[in-house]
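A.B. asks: First the structure, then my questions, so here it is.
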Amino acid sequence: MKFKADRATLLKALAHVQSVVEKRNTIPILANVLIAVRDGRLSLTATDMEIAIVEELRADTKRDGAATAPAATLYEIVRRLPEDASVELDHAGGDAQLVLRAGRYTTSLVVLPTEDFPSMTAGALPHRFALPAQALRGLIDRTRFAISTEETRYYLNGIYVHAAESEGAPVLRAVATDGHRLARVEEPLPEGAAGMPGVIVPRKTVAELRKLIEDVSDEIEIALSETRIQFRAGALTLTSKLIDGTFPEYDRVIPRDNDKVLRVAKKDFAEAVARVAAISAERSRPVKLSVARDLLVVSAASPDQGTATEELEGGLVRYESGPIEIGFQARYLNDVTDQVTGDVEFRFADGASPTIVRDAADASALYVLMPMRV
Amino acid sequence: MPVPVRRIIHVDMDAFFASVEQRDAPDLRGRPVAVGGARARGVVAAASYEARRFGVRSAMPSVTARRLCPELIFVPPRFDAYRAVSAEIHAIFARYTPLIQPLSLDEAYLDVTEPIRPLGSATAIAEAIRAEIRAETGLTASAGVSYNKFLAKLASDHRKPDGLFVITPRMGPDFVAGLAVAKFHGIGPRTAARMAELGIHTGADLRRWDRAALIARFGKAGGFYHGLARGEDERPVNPDRTRKSLGAERTFETDLDALAPALAALAPLSARVFAAAAAAGHAPRTVTVKVKYADFRTVTRSRSFDVPIGSAAALAAAAEALLAPLFPPTRPVRLLGVSVAGLAPPAQLGFGL
């Protein structure tokens, strides 16, 4: 195998694939990237056996072949090369070392046999549809914070994606919950997704995918089966296993009859919560919302540090129901306000029941927060 | 149809607060440690085994403790740390059964009649729990295994610290017979004193009384005592029990009519209540003082605070401030009580998904 590529092109591709490589790995070859030239086309592949990322890149290919080399080392070397360098990789085959040349710089890297590199087969992916990158980012950003990290509840360790109906319209729905809060975001159902099974996309896949599509503006092609999902964005393909579990009947925790509606200006509210919570040394940082007609008092008390309160009123708050007091973890509130663009709308039942939070400017997302007893 | 025999485990962490402090600060290990305030009016919330050898006990005024053990090291309590460990051990319990009734941060009843992870016997589960607590928290726990809560608690106390004891249905009645009633959980010092007047000192003495006679002497509780004497206790392990208030009171042999002796009697009550609330991980916000007069009329005075009461001294001061205006009393005072409420620690609620 032999090819020549721009440093910038190679660096970007290495950055993409190396992030999936497990940092503390007990299987040495999983720390490697597979570099292959087939029929004159260059591709880089990395996998942790759950996720595989393949990226094709432009190169001046001279000879077909393949080699695997440590991804982190290769990335560090290429990153340190001069910006406009042209990089040549040359592998004579077998267990010969992989030689990298750039200008007057040369390095030889030990390779591991390509036959040992695990290949992740996607199998048949019968359900195919496309989503604008912007929409996919929206689905991820507004749900991922609610993904559970509790490993015993593995079926909550991802985003549940499925086709559903919302007020008579078919939608693609993403849901995540950790048992204390829930995030549900909808997009119009893309063509081809109607018959898809509900799938749980693992947290790490979500994180890798989100990094890869940060700068993508086109459509992302999605293909899936009951056990695998594949995302294609341009020359990049990410294939991942899905969580083999049943996502709970989340619909039953979304309250229908909450009728105490509070609207509050997002920025002022988010800042007040963070300021007031600063008093608390507890990890959960509980803050109390005391709501009366057009008045919201955000407060926190700590047995060791004292108290803090902030009042929001005037044009910032609208509330017309009976007074209510309810506590939440500051982080849970701020995780939601981070995703809200307009005013924040709360719908309460009482101080101990699930509360609905929405973006007054965007009906596509719905959040449910369980309160804290304070 | 016979009632199936239940399998109950009582798990009790050994010198919990003090052990957490010794775990986190190696220079405290092997030394007498008291968790609590060192100041004049401070109270010992927990004592390490080294300190207990000197007679230091929880709820004891710090001055007394220091007199008993001049080398005693006072450490301020870190309830966050205790709550965190408590959550860890609770998570360990939850691997075996959903029927968990925490009594405080360091103590819980578990009903393992139908365990999630059957290990063959309740004893094996208790051993597994003790091993997991040791491996995951670095602390030791004692466990008692029996067929009801009363005996499980007696059993956990029997081989403390770091022990396990089993009371089988055959052993139960004999085990109780030989025990002093003052050691029964559920029989307080005053009830024990009344029983002593009736010649009841041990479980065997208590057993000679029939149910009706005990109810006549002790009210509804008499029926409960009748069961205890036979090693019987039907109380279920109740996972939802949350305590809303906590208190202590004292009836005087001679009625009081001056403030000074009333304040003197009030101070140890405040100390006891604060220690009990602290042990349960609670920081109370409401204090109530109760006064019962010689004619059995009762008045209460209570005050709530925005910030939880964080020290025994603050609780004592609040109780005194509530009591003082009631003196001089219109009638002689027969009983004084202090209680606190607003106890539930902040807790994240869940959906139950």
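As shown in the structure tokens, the chain order sets the letters A, B, ...; within each chain, residues go from 1, and ligands are also counted from 1 in the order they appear.
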When the cut-off is 6 Å and we count only C-alpha atoms, which residues of chain B are near chain A, given as a compact mmCIF listing (two decimals) with N, CA, C and O atoms, in the first residue's frame?
C.D. replies:
```txt
# COMPACT_ATOMS: atom_id res chain seq x y z
N PRO B 308 -32.59 24.86 58.07
CA PRO B 308 -32.62 23.77 59.03
C PRO B 308 -31.73 24.04 60.25
O PRO B 308 -30.69 24.70 60.14
N PRO B 346 -33.70 16.44 51.62
CA PRO B 346 -34.01 16.65 50.21
C PRO B 346 -33.81 15.34 49.46
O PRO B 346 -32.84 14.63 49.69
N ALA B 347 -34.75 15.02 48.61
CA ALA B 347 -34.62 13.77 47.87
C ALA B 347 -35.20 13.94 46.49
O ALA B 347 -36.26 14.54 46.32
N GLN B 348 -34.48 13.44 45.51
CA GLN B 348 -34.98 13.48 44.14
C GLN B 348 -36.05 12.42 43.99
O GLN B 348 -35.85 11.26 44.34
N LEU B 349 -37.21 12.82 43.51
CA LEU B 349 -38.28 11.86 43.27
C LEU B 349 -38.10 11.27 41.87
O LEU B 349 -37.49 11.87 41.00
N GLY B 350 -38.64 10.08 41.69
CA GLY B 350 -38.49 9.42 40.39
C GLY B 350 -39.83 9.08 39.78
O GLY B 350 -40.87 9.12 40.44
N PHE B 351 -39.81 8.74 38.48
CA PHE B 351 -41.03 8.38 37.76
C PHE B 351 -41.51 6.98 38.13
O PHE B 351 -42.65 6.63 37.90
N LEU B 353 -40.13 4.46 36.40
CA LEU B 353 -40.12 3.80 35.08
C LEU B 353 -39.40 2.46 35.18
O LEU B 353 -38.40 2.38 35.86
```
A.B. asks: Please return, as a ChimeraX atom specification, all residues of range 240-337 of chain B that DSSP assigns to alpha helix (DSSP H) on the basis of the backbone.
C.D. replies: /B:259-279,312-323
A.B. asks: Do you know which residues are at most 8 Å from range 120-135 of chain B counting only C-alpha atoms, after dropping those on the same chain fewer than 4 positions away, and could you put them as a list of chain:residue names?
C.D. replies: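 Skipping anything fewer than 4 positions along the chain leaves B:Arg7, B:Ile8, B:Ile9, B:Ile89, B:Ile92, B:Phe93, B:Tyr96, B:Val112, B:Thr113, B:Leu139, B:Thr140, B:Ala141, B:Ser142, B:Ala143, B:Gly144, B:Val145, B:Leu164, B:Val166.
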A.B. asks: Would you put the residues from that selection into a file with all heavy atoms, as a compact mmCIF listing (two decimals), in the first residue's frame?
C.D. replies:
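Output contents, as saved in again_2.txt:
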```txt
# COMPACT_ATOMS: atom_id res chain seq x y z
N ARG B 7 -38.40 -14.14 56.34
CA ARG B 7 -36.95 -14.08 56.55
C ARG B 7 -36.56 -12.61 56.55
O ARG B 7 -36.64 -11.93 55.54
CB ARG B 7 -36.23 -14.82 55.43
CG ARG B 7 -36.56 -16.28 55.45
CD ARG B 7 -36.01 -17.05 54.27
NE ARG B 7 -36.77 -18.26 54.07
CZ ARG B 7 -36.79 -19.29 54.92
NH1 ARG B 7 -36.06 -19.25 56.01
NH2 ARG B 7 -37.53 -20.36 54.68
N ILE B 8 -36.17 -12.15 57.73
CA ILE B 8 -35.88 -10.73 57.91
C ILE B 8 -34.41 -10.56 58.29
O ILE B 8 -33.88 -11.32 59.10
CB ILE B 8 -36.75 -10.13 59.05
CG1 ILE B 8 -38.22 -10.51 58.89
CG2 ILE B 8 -36.55 -8.62 59.15
CD1 ILE B 8 -38.92 -9.91 57.70
N ILE B 9 -33.79 -9.57 57.67
CA ILE B 9 -32.40 -9.23 58.02
C ILE B 9 -32.39 -7.81 58.58
O ILE B 9 -33.06 -6.93 58.04
CB ILE B 9 -31.47 -9.29 56.79
CG1 ILE B 9 -31.53 -10.68 56.14
CG2 ILE B 9 -30.04 -8.94 57.17
CD1 ILE B 9 -30.70 -10.79 54.86
N ILE B 89 -25.03 1.78 50.51
CA ILE B 89 -25.45 0.52 51.14
C ILE B 89 -26.90 0.21 50.77
O ILE B 89 -27.26 -0.93 50.56
CB ILE B 89 -25.23 0.49 52.68
CG1 ILE B 89 -26.03 1.57 53.39
CG2 ILE B 89 -23.77 0.61 53.03
CD1 ILE B 89 -26.00 1.40 54.91
N ILE B 92 -26.86 -1.57 47.64
CA ILE B 92 -26.47 -2.98 47.84
C ILE B 92 -27.70 -3.79 48.28
O ILE B 92 -27.99 -4.85 47.74
CB ILE B 92 -25.32 -3.10 48.85
CG1 ILE B 92 -24.04 -2.47 48.26
CG2 ILE B 92 -25.08 -4.56 49.26
CD1 ILE B 92 -22.88 -2.33 49.23
N PHE B 93 -28.45 -3.24 49.26
CA PHE B 93 -29.66 -3.94 49.71
C PHE B 93 -30.60 -4.20 48.53
O PHE B 93 -31.19 -5.26 48.41
CB PHE B 93 -30.44 -3.11 50.75
CG PHE B 93 -29.68 -2.77 51.99
CD1 PHE B 93 -30.02 -1.65 52.75
CD2 PHE B 93 -28.62 -3.57 52.43
CE1 PHE B 93 -29.34 -1.33 53.90
CE2 PHE B 93 -27.92 -3.25 53.58
CZ PHE B 93 -28.27 -2.13 54.31
N TYR B 96 -30.89 -7.26 46.45
CA TYR B 96 -31.44 -8.50 46.99
C TYR B 96 -32.93 -8.47 47.22
O TYR B 96 -33.59 -9.49 47.15
CB TYR B 96 -30.71 -8.85 48.31
CG TYR B 96 -29.26 -9.17 48.06
CD1 TYR B 96 -28.29 -8.18 48.11
CD2 TYR B 96 -28.88 -10.46 47.69
CE1 TYR B 96 -26.97 -8.46 47.82
CE2 TYR B 96 -27.55 -10.75 47.40
CZ TYR B 96 -26.60 -9.74 47.47
OH TYR B 96 -25.30 -10.02 47.17
N VAL B 112 -36.33 -10.63 53.08
CA VAL B 112 -35.77 -11.42 51.97
C VAL B 112 -36.50 -12.76 51.84
O VAL B 112 -35.92 -13.75 51.40
CB VAL B 112 -34.25 -11.63 52.11
CG1 VAL B 112 -33.52 -10.31 52.03
CG2 VAL B 112 -33.90 -12.33 53.42
N THR B 113 -37.78 -12.76 52.24
CA THR B 113 -38.57 -13.99 52.09
C THR B 113 -38.61 -14.41 50.62
O THR B 113 -38.50 -15.58 50.28
CB THR B 113 -40.00 -13.78 52.62
OG1 THR B 113 -39.91 -13.13 53.88
CG2 THR B 113 -40.72 -15.10 52.78
N LEU B 139 -16.27 -0.24 54.88
CA LEU B 139 -16.78 -0.17 56.24
C LEU B 139 -17.38 -1.52 56.63
O LEU B 139 -17.73 -2.32 55.78
CB LEU B 139 -17.88 0.90 56.32
CG LEU B 139 -17.45 2.31 55.93
CD1 LEU B 139 -18.67 3.20 55.75
CD2 LEU B 139 -16.52 2.90 56.98
N THR B 140 -17.49 -1.75 57.95
CA THR B 140 -18.08 -3.02 58.37
C THR B 140 -19.50 -2.82 58.86
O THR B 140 -19.87 -1.75 59.35
CB THR B 140 -17.25 -3.67 59.49
OG1 THR B 140 -17.28 -2.80 60.63
CG2 THR B 140 -15.81 -3.90 59.06
N ALA B 141 -20.27 -3.89 58.71
CA ALA B 141 -21.66 -3.87 59.17
C ALA B 141 -21.92 -5.16 59.92
O ALA B 141 -21.30 -6.18 59.66
CB ALA B 141 -22.60 -3.78 57.97
N SER B 142 -22.85 -5.10 60.88
CA SER B 142 -23.30 -6.30 61.55
C SER B 142 -24.70 -6.62 61.05
O SER B 142 -25.45 -5.72 60.68
CB SER B 142 -23.32 -6.10 63.06
OG SER B 142 -21.99 -5.86 63.50
N ALA B 143 -25.01 -7.92 61.03
CA ALA B 143 -26.32 -8.30 60.53
C ALA B 143 -26.95 -9.31 61.46
O ALA B 143 -26.27 -10.14 62.05
CB ALA B 143 -26.21 -8.87 59.12
N GLY B 144 -28.26 -9.21 61.59
CA GLY B 144 -29.03 -10.20 62.34
C GLY B 144 -30.05 -10.80 61.40
O GLY B 144 -30.65 -10.09 60.60
N VAL B 145 -30.22 -12.11 61.49
CA VAL B 145 -31.17 -12.79 60.62
C VAL B 145 -32.18 -13.50 61.51
O VAL B 145 -31.78 -14.21 62.44
CB VAL B 145 -30.46 -13.84 59.73
CG1 VAL B 145 -31.47 -14.54 58.82
CG2 VAL B 145 -29.36 -13.18 58.91
N LEU B 164 -22.33 -11.59 62.55
CA LEU B 164 -23.59 -12.06 62.00
C LEU B 164 -24.16 -13.07 62.98
O LEU B 164 -23.43 -13.93 63.49
CB LEU B 164 -23.35 -12.74 60.65
CG LEU B 164 -24.57 -13.46 60.04
CD1 LEU B 164 -25.50 -12.45 59.42
CD2 LEU B 164 -24.14 -14.47 59.00
N VAL B 166 -27.82 -15.51 63.82
CA VAL B 166 -29.10 -15.99 63.31
C VAL B 166 -29.94 -16.48 64.48
O VAL B 166 -29.45 -17.23 65.32
CB VAL B 166 -28.88 -17.15 62.31
CG1 VAL B 166 -30.21 -17.59 61.72
CG2 VAL B 166 -27.92 -16.73 61.21
```
A.B. asks: Apply DSSP to the structure's backbone, then extract all residues of range 81-314 of chain B labelled strand (DSSP E or B) and return them as a VMD selection string.
C.D. replies: chain B and resid 100 to 104 107 to 111 141 to 146 164 to 166 180 202 245 to 256 286 to 293 298 to 304
A.B. asks: Using only C-alpha atoms, which protein or nucleic acid residues come within 12 Å of Ser119 in chain A? Drop anything in the same chain fewer than 3 positions from it, and give the result as a list in words.
C.D. replies: Ile29, Leu30, Val33, Leu34, Thr45, Ala46, Thr47, Asp48, Met49, Glu50, Ile51, Ala52, Ile53, Val54, Thr114, Glu115, Asp116, Ala122, Gly123, Thr239 and Ser240 of chain A
A.B. asks: Using N, CA and C atoms, can you export the residues from the last selection as an mmCIF file, in the first residue's frame?
C.D. replies:
```cif
data_model
loop_
_atom_site.group_PDB
_atom_site.id
_atom_site.type_symbol
_atom_site.label_atom_id
_atom_site.label_comp_id
_atom_site.auth_asym_id
_atom_site.auth_seq_id
_atom_site.Cartn_x
_atom_site.Cartn_y
_atom_site.Cartn_z
ATOM 1 N N ILE A 29 -5.167 -4.418 19.119
ATOM 2 C CA ILE A 29 -5.493 -3.990 17.755
ATOM 3 C C ILE A 29 -6.626 -2.967 17.720
ATOM 4 N N LEU A 30 -7.423 -2.916 18.806
ATOM 5 C CA LEU A 30 -8.509 -1.929 18.830
ATOM 6 C C LEU A 30 -7.978 -0.505 19.005
ATOM 7 N N VAL A 33 -5.752 2.010 13.779
ATOM 8 C CA VAL A 33 -6.626 2.405 12.683
ATOM 9 C C VAL A 33 -6.233 1.543 11.477
ATOM 10 N N LEU A 34 -7.246 1.089 10.756
ATOM 11 C CA LEU A 34 -6.998 0.294 9.546
ATOM 12 C C LEU A 34 -6.940 1.258 8.365
ATOM 13 N N THR A 45 -10.384 3.177 8.961
ATOM 14 C CA THR A 45 -11.428 2.532 9.763
ATOM 15 C C THR A 45 -10.954 2.394 11.197
ATOM 16 N N ALA A 46 -11.844 2.691 12.151
ATOM 17 C CA ALA A 46 -11.541 2.430 13.562
ATOM 18 C C ALA A 46 -12.790 1.827 14.188
ATOM 19 N N THR A 47 -12.594 0.983 15.185
ATOM 20 C CA THR A 47 -13.749 0.362 15.828
ATOM 21 C C THR A 47 -13.430 0.027 17.279
ATOM 22 N N ASP A 48 -14.480 0.006 18.107
ATOM 23 C CA ASP A 48 -14.327 -0.516 19.466
ATOM 24 C C ASP A 48 -15.185 -1.768 19.615
ATOM 25 N N MET A 49 -15.564 -2.365 18.500
ATOM 26 C CA MET A 49 -16.410 -3.550 18.397
ATOM 27 C C MET A 49 -17.894 -3.240 18.592
ATOM 28 N N GLU A 50 -18.207 -2.036 19.105
ATOM 29 C CA GLU A 50 -19.615 -1.640 19.226
ATOM 30 C C GLU A 50 -19.945 -0.654 18.105
ATOM 31 N N ILE A 51 -18.946 0.194 17.829
ATOM 32 C CA ILE A 51 -19.104 1.242 16.827
ATOM 33 C C ILE A 51 -17.953 1.104 15.839
ATOM 34 N N ALA A 52 -18.227 1.314 14.562
ATOM 35 C CA ALA A 52 -17.144 1.385 13.583
ATOM 36 C C ALA A 52 -17.322 2.661 12.778
ATOM 37 N N ILE A 53 -16.210 3.378 12.578
ATOM 38 C CA ILE A 53 -16.258 4.574 11.739
ATOM 39 C C ILE A 53 -15.340 4.354 10.549
ATOM 40 N N VAL A 54 -15.872 4.572 9.369
ATOM 41 C CA VAL A 54 -15.075 4.452 8.151
ATOM 42 C C VAL A 54 -15.126 5.799 7.446
ATOM 43 N N THR A 114 -3.483 -7.120 9.560
ATOM 44 C CA THR A 114 -4.812 -6.632 9.176
ATOM 45 C C THR A 114 -5.875 -7.712 9.360
ATOM 46 N N GLU A 115 -5.463 -8.991 9.258
ATOM 47 C CA GLU A 115 -6.460 -10.064 9.423
ATOM 48 C C GLU A 115 -7.058 -10.030 10.825
ATOM 49 N N ASP A 116 -6.281 -9.516 11.806
ATOM 50 C CA ASP A 116 -6.786 -9.484 13.184
ATOM 51 C C ASP A 116 -7.738 -8.316 13.442
ATOM 52 N N ALA A 122 -22.574 -4.935 9.156
ATOM 53 C CA ALA A 122 -23.853 -4.303 9.463
ATOM 54 C C ALA A 122 -25.002 -5.260 9.159
ATOM 55 N N GLY A 123 -24.790 -6.190 8.256
ATOM 56 C CA GLY A 123 -25.897 -7.059 7.835
ATOM 57 C C GLY A 123 -26.882 -6.258 7.008
ATOM 58 N N THR A 239 -21.211 2.983 11.826
ATOM 59 C CA THR A 239 -22.101 1.847 12.025
ATOM 60 C C THR A 239 -22.046 1.481 13.500
ATOM 61 N N SER A 240 -23.191 1.227 14.098
ATOM 62 C CA SER A 240 -23.197 0.925 15.529
ATOM 63 C C SER A 240 -24.176 -0.189 15.853
#
```
A.B. asks: Determine, counting only C-alpha atoms, which protein, DNA and RNA residues have an atom within 7 Å of an atom of range 222-234 of chain B; residues of the same chain fewer than 4 positions away are not included. Present the result as a list in words.
C.D. replies: Asn148, Lys149, Phe150, Leu151, Gly172, Pro173, Val176, Ala177, Gly203, Leu206, Arg207, Arg211, Leu214, Ile215 and Phe218 of chain B
A.B. asks: Separation of CA of Gly337 in chain B and CA of Ala319 in chain B, in Å?
C.D. replies: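 Computing it gives 9.6 Å between the two atoms.
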A.B. asks: Can you tell me which residues surround Met1 in chain A at a distance of at most 7 Å, considering only C-alpha atoms, apart from same-chain residues fewer than 4 positions away, and format the answer as a list in words?
C.D. replies: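 Here the qualifying residues turn out to be Val37, Arg63, Asp64, Gly65, Ala66, Asp90, His91 and Ala92 of chain A.
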A.B. asks: Would you write out those residues with N, CA and C atoms, as a CSV table (one decimal), in the first residue's frame?
C.D. replies:
```csv
chain,number,residue,atom,x,y,z
A,37,VAL,N,-6.1,0.8,0.9
A,37,VAL,CA,-6.3,1.4,-0.4
A,37,VAL,C,-6.8,0.2,-1.3
A,63,ARG,N,-0.4,2.3,-4.8
A,63,ARG,CA,-0.4,0.9,-4.7
A,63,ARG,C,-1.5,0.4,-3.7
A,64,ASP,N,-2.3,-0.6,-4.1
A,64,ASP,CA,-3.3,-1.1,-3.2
A,64,ASP,C,-2.6,-1.9,-2.0
A,65,GLY,N,-3.4,-2.1,-1.0
A,65,GLY,CA,-2.9,-2.8,0.2
A,65,GLY,C,-3.5,-2.2,1.4
A,66,ALA,N,-3.1,-2.8,2.6
A,66,ALA,CA,-3.7,-2.4,3.9
A,66,ALA,C,-2.7,-2.6,5.0
A,90,ASP,N,3.6,4.4,3.3
A,90,ASP,CA,4.2,3.4,2.4
A,90,ASP,C,4.3,2.1,3.3
A,91,HIS,N,3.6,1.1,2.8
A,91,HIS,CA,3.7,-0.2,3.5
A,91,HIS,C,4.0,-1.3,2.5
A,92,ALA,N,5.1,-2.0,2.7
A,92,ALA,CA,5.5,-3.0,1.8
A,92,ALA,C,4.7,-4.3,1.8
```
A.B. asks: As a list of chain:residue names, please: the residues near Val216 in chain A (cut-off 9 Å, only C-alpha atoms, same-chain neighbours under 5 positions excluded).
C.D. replies: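 The filter keeps A:Ala133, A:Gln134, A:Ala233, A:Gly234.
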A.B. asks: Can I get the selection written as a PDB file, in the first residue's frame, with C-alpha atoms?
C.D. replies:
```pdb
ATOM      1  CA  ALA A 133     -28.059  17.300   9.700  1.00  0.00           C
ATOM      2  CA  GLN A 134     -29.641  20.247  11.502  1.00  0.00           C
ATOM      3  CA  ALA A 233     -22.573  11.843   6.028  1.00  0.00           C
ATOM      4  CA  GLY A 234     -20.600  12.433   2.863  1.00  0.00           C
TER       5      GLY A 234
END
```
A.B. asks: Using only C-alpha atoms, which residue out of A:Val264, A:Ala69, A:Ala194, A:Leu289 lies closest to Gln97 in chain A?
C.D. replies: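 Smallest separation from Gln97 in chain A among the options: A:Ala69.
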A.B. asks: CA of Leu74 in chain A and CA of Ala235 in chain A, how far apart in Å?
C.D. replies: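 Interatomic distance, CA of Ala235 in chain A to CA of Leu74 in chain A: 20.4 Å.
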